[in-house]
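Q: My structure file data16.txt, compact mmCIF, C-alpha atoms, is below:
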# COMPACT_ATOMS: atom_id res chain seq x y z
CA MET A 874 98.93 45.89 118.92
CA GLN A 875 100.25 49.03 117.22
CA ILE A 876 102.31 51.27 119.50
CA PRO A 877 101.18 54.93 119.26
CA VAL A 878 103.91 57.16 117.84
CA SER A 879 104.07 60.96 117.54
CA ALA A 880 106.21 62.75 114.94
CA GLY A 881 108.80 65.41 115.74
CA ILE A 882 110.54 67.45 113.04
CA LEU A 883 113.85 69.20 113.76
CA ALA A 884 113.73 72.47 111.83
CA GLY A 885 115.84 74.70 114.06
CA GLY A 886 119.40 73.76 113.17
CA LYS A 887 122.14 76.33 112.60
CA SER A 888 122.84 75.17 109.00
CA SER A 889 126.34 76.63 109.50
CA ARG A 890 127.93 74.74 106.59
CA MET A 891 125.10 75.73 104.24
CA GLY A 892 125.13 79.40 105.21
CA LYS A 893 121.33 79.66 105.10
CA ASN A 894 118.35 77.91 106.68
CA LYS A 895 118.15 74.42 105.13
CA ALA A 896 114.47 74.08 106.08
CA TYR A 897 113.54 76.49 103.26
CA LEU A 898 115.73 75.03 100.51
CA GLU A 899 113.62 73.55 97.71
CA ILE A 900 113.64 70.42 95.59
CA LYS A 901 110.94 70.13 92.89
CA ALA A 902 109.22 73.31 94.16
CA GLU A 903 108.81 71.91 97.68
CA SER A 904 110.85 73.12 100.65
CA PHE A 905 112.77 70.57 102.72
CA LEU A 906 110.54 71.44 105.69
CA ASN A 907 107.30 71.03 103.74
CA HIS A 908 108.54 67.72 102.34
CA THR A 909 109.20 66.45 105.88
CA ILE A 910 105.82 67.73 107.08
CA ARG A 911 104.09 65.98 104.16
CA ILE A 912 105.67 62.58 104.79
CA CYS A 913 104.73 62.89 108.50
CA SER A 914 101.12 63.84 107.75
CA CYS A 915 99.90 60.30 108.56
CA TYR A 916 100.72 60.87 112.27
CA ASP A 917 98.01 62.24 114.56
CA ASP A 918 100.42 64.23 116.74
CA ILE A 919 103.10 66.34 115.05
CA TRP A 920 105.42 68.93 116.61
CA ILE A 921 108.14 71.00 114.97
CA SER A 922 111.32 71.89 116.85
CA VAL A 923 112.49 75.44 116.15
CA ASP A 924 115.21 77.68 117.55
CA ASP A 925 113.05 80.81 117.23
CA PRO A 926 109.28 80.60 116.51
CA LYS A 927 109.36 84.06 114.89
CA LYS A 928 111.42 82.59 112.03
CA TYR A 929 108.60 80.14 111.27
CA PRO A 930 105.36 82.16 111.25
CA ASP A 931 103.22 79.82 109.13
CA LEU A 932 103.79 76.35 110.57
CA PRO A 933 100.81 74.00 110.16
CA TYR A 934 101.63 72.25 113.46
CA PRO A 935 102.66 73.49 116.92
CA ALA A 936 106.25 74.55 117.54
CA ALA A 937 108.47 73.30 120.37
CA ALA A 938 110.93 76.15 120.90
CA ASP A 939 114.50 75.71 122.15
CA GLU A 940 115.26 77.00 125.62
CA LYS A 941 119.02 76.54 125.19
CA LEU A 942 119.82 78.36 121.95
CA GLY A 943 122.50 77.07 119.58
CA TYR A 944 122.65 73.84 121.55
CA GLY A 945 122.09 71.31 118.79
CA PRO A 946 119.93 68.19 118.43
CA VAL A 947 119.99 67.29 122.15
CA GLU A 948 117.89 70.39 122.85
CA GLY A 949 115.53 69.84 119.92
CA ILE A 950 114.88 66.20 120.79
CA TYR A 951 114.44 67.07 124.47
CA GLN A 952 111.86 69.74 123.63
CA LEU A 953 109.97 67.49 121.20
CA LEU A 954 109.78 64.59 123.67
CA SER A 955 108.59 67.02 126.36
CA HIS A 956 105.70 68.19 124.14
CA VAL A 957 104.41 65.14 122.22
CA LYS A 958 101.46 63.17 123.57
CA HIS A 959 102.47 59.58 122.73
CA PRO A 960 105.13 57.54 124.59
CA TYR A 961 107.26 57.28 121.42
CA CYS A 962 108.23 59.97 118.95
CA LEU A 963 109.65 59.62 115.45
CA ILE A 964 112.44 62.21 115.23
CA LEU A 965 113.40 63.53 111.79
CA ALA A 966 115.80 66.20 110.58
CA THR A 967 114.60 68.32 107.67
CA ASP A 968 117.75 67.83 105.58
CA MET A 969 116.79 64.45 104.04
CA PRO A 970 114.70 65.60 101.06
CA LEU A 971 114.50 62.13 99.46
CA LEU A 972 113.07 60.44 102.56
CA GLU A 973 109.69 58.81 102.01
CA GLN A 974 106.79 57.82 104.24
CA GLU A 975 107.25 54.11 103.43
CA LEU A 976 110.60 54.09 105.24
CA LEU A 977 109.10 55.77 108.31
CA LYS A 978 106.36 53.15 108.46
CA ALA A 979 108.86 50.29 107.99
CA LEU A 980 110.93 51.68 110.88
CA GLU A 981 107.85 52.06 113.05
CA GLN A 982 106.85 48.44 112.40
CA ARG A 983 110.10 47.30 114.03
CA LEU A 984 109.17 49.00 117.30
CA THR A 985 108.59 46.43 120.06
CA GLY A 986 107.97 48.71 123.05
CA ARG A 987 111.02 47.33 124.86
CA GLU A 988 113.54 49.82 123.44
CA ASP A 989 114.20 53.43 124.46
CA CYS A 990 115.62 54.33 121.05
CA LEU A 991 115.20 52.67 117.66
CA ILE A 992 117.80 54.23 115.37
CA LEU A 993 118.32 53.81 111.65
CA ARG A 994 121.73 52.63 110.46
CA GLU A 995 123.01 52.59 106.88
CA ALA A 996 126.24 50.90 105.76
CA GLY A 997 127.33 50.84 109.43
CA ARG A 998 126.70 54.59 109.89
CA ILE A 999 124.03 55.56 112.36
CA HIS A 1000 121.43 58.20 111.60
CA PRO A 1001 120.39 59.63 114.98
CA LEU A 1002 118.04 62.12 113.32
CA CYS A 1003 116.01 59.39 111.68
CA GLY A 1004 114.86 57.32 114.61
CA ILE A 1005 112.20 56.70 117.23
CA TYR A 1006 112.75 57.89 120.80
CA LYS A 1007 110.79 57.08 123.95
CA LYS A 1008 109.84 59.68 126.56
CA THR A 1009 111.72 57.58 129.13
CA VAL A 1010 114.99 59.11 127.84
CA ILE A 1011 113.98 62.63 128.96
CA PRO A 1012 115.86 62.41 132.32
CA VAL A 1013 119.05 61.37 130.50
CA LEU A 1014 118.66 64.26 128.05
CA GLU A 1015 118.17 66.62 131.02
CA GLN A 1016 121.49 65.40 132.48
CA MET A 1017 123.20 65.84 129.12
CA ARG A 1018 121.90 69.42 128.88
CA GLU A 1019 123.18 70.15 132.41
CA GLN A 1020 126.58 68.67 131.53
CA GLU A 1021 126.76 70.72 128.30
CA ILE A 1022 126.82 67.60 126.11
CA HIS A 1023 125.74 68.77 122.65
CA LYS A 1024 125.95 65.55 120.64
CA ILE A 1025 123.12 63.01 120.79
CA ARG A 1026 125.20 59.82 120.43
CA PRO A 1027 126.20 59.52 124.13
CA LEU A 1028 122.48 59.02 124.86
CA PHE A 1029 122.51 55.69 123.03
CA GLU A 1030 125.18 54.31 125.37
CA GLN A 1031 123.05 55.08 128.43
CA VAL A 1032 119.66 53.75 127.34
CA LYS A 1033 118.31 50.62 125.66
CA THR A 1034 119.05 51.32 121.99
CA THR A 1035 118.26 49.10 119.02
CA TYR A 1036 119.77 49.78 115.59
CA ILE A 1037 117.92 48.79 112.44
CA ASP A 1038 119.77 48.56 109.13
CA LEU A 1039 118.39 50.38 106.12
CA GLU A 1040 119.52 47.49 103.93
CA GLU A 1041 117.45 45.07 106.01
CA LEU A 1042 114.39 47.29 105.52
CA GLY A 1043 115.01 47.20 101.76
CA PHE A 1044 115.48 50.91 101.02
CA SER A 1045 118.26 52.70 99.15
CA ALA A 1046 120.91 54.88 100.81
CA ALA A 1047 119.57 57.89 98.88
CA MET A 1048 116.56 57.95 101.21
CA VAL A 1049 118.70 59.13 104.12
CA GLU A 1050 121.15 61.25 102.16
CA ASN A 1051 121.40 64.56 103.98
CA VAL A 1052 122.34 67.92 102.53
CA ASN A 1053 124.88 70.00 104.45
CA THR A 1054 126.68 72.17 101.89
CA CYS A 1055 125.80 74.27 98.83
CA GLN A 1056 127.70 71.78 96.65
CA GLU A 1057 125.63 68.85 97.97
CA TYR A 1058 122.45 70.85 97.42
CA GLU A 1059 123.34 71.73 93.83
CA ALA A 1060 124.29 68.12 93.08
CA LEU A 1061 120.96 66.94 94.48
CA ARG A 1062 119.04 69.51 92.42
CA GLU A 1063 120.77 68.33 89.24
CA ARG A 1064 119.99 64.69 90.04
CA SER A 1065 116.37 65.47 90.86
CA LYS A 1066 115.92 66.97 87.36
CA VAL A 1067 116.97 63.61 85.90
CA ILE A 1068 114.61 61.54 88.10
CA GLN A 1069 111.52 63.70 87.53
Using structure tokens, write down the structure from this file.
A:
Amino acid sequence: MQIPVSAGILAGGKSSRMGKNKAYLEIKAESFLNHTIRICSCYDDIWISVDDPKKYPDLPYPAAADEKLGYGPVEGIYQLLSHVKHPYCLILATDMPLLEQELLKALEQRLTGREDCLILREAGRIHPLCGIYKKTVIPVLEQMREQEIHKIRPLFEQVKTTYIDLEELGFSAAMVENVNTCQEYEALRERSKVIQ
């Protein structure tokens, strides 16, 4: 039986290394945020995590606003899990503009219902912002927020976490390549002209 999964998009990051909001950067005339929304459109419950709803006036799906501002992914994931309707939520950052729906579905198919987190791993490197989280981790996230723990990785040591390798799923590393700096963005734009 298929396990119901919601989708949660993290759009409210600081983008400090980029110097501007990554959600509105464009590749092939599509913003990173709109790309992520499009590949999640097959889900029946979609929420978008934002730091300030006023910055995102035209979202096609409801926003889950941060209560702790500038806190990082722990806050965004906590808010998304608190709002979605299904027991599991696919969590995605908006800075992976080459990610495709096929990978999301392949990840979802590995969900057994026994894990609290199912996290993508590529060449031994984990990708916490491309994974599936269960609502059962909310109490742990609440503790982390109280203890001022900003990074998400300590969560995985406290709950039942399964890692799934991108190579095993049969997708290329480019799918989860994230864009953090202007140089990375320009390099990606040049490459995307070649692959059009």
Q: Smallest atom-to-atom distance to Leu965 in chain A: which of A:Leu984, A:Ile912, A:Leu1061, A:Leu898, using all atoms listed in the file?
A: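 Checking each of A:Leu984, A:Ile912, A:Leu1061, A:Leu898 against Leu965 in chain A, counting all atoms listed in the file, the winner is A:Ile912.
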Q: Let me make sure I understand: among A:Ile1022, A:Ile910, A:Ser955, A:Ala966, which one has the smallest atom-to-atom distance to Leu883 in chain A if we use all atoms listed in the file?
A: A:Ala966
Q: Pick from A:Ile900, A:Leu993, A:Leu971, A:Leu1002: nearest to Ala880 in chain A, with only C-alpha atoms counted?
A: A:Leu1002
Q: Suppose you want the space between CA of Lys958 in chain A and CA of Glu975 in chain A; what is it in Å?
A: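 Straight-line distance from CA of Lys958 in chain A to CA of Glu975 in chain A works out to 22.8 Å.
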Q: Return the single residue from A:Tyr951, A:Tyr1006, A:Tyr897, A:Phe1029 that is closest to Thr909 in chain A, with distances computed using all atoms listed in the file.
A: A:Tyr897
Q: Select, from A:Pro960, A:Pro946, A:Pro933, A:Pro970, the residue with the minimum atom-to-atom distance to Pro1001 in chain A, counting all atoms listed in the file.
A: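 That would be A:Pro946, the residue with the smallest distance to Pro1001 in chain A.
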Q: In Å, with one decimal, what is the gap from CA of Lys895 in chain A to CA of Ile999 in chain A?
A: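 We find that CA of Lys895 in chain A and CA of Ile999 in chain A lie 21.0 Å from each other.
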Q: Nearest to Val1013 in chain A: which of A:Glu948, A:Asp968, A:Asp1038, A:Glu1059 is it, counting all atoms listed in the file?
A: A:Glu948
Q: Mind pulling up the distance from CA of Leu942 in chain A to CA of Thr967 in chain A?
A: 18.2 Å
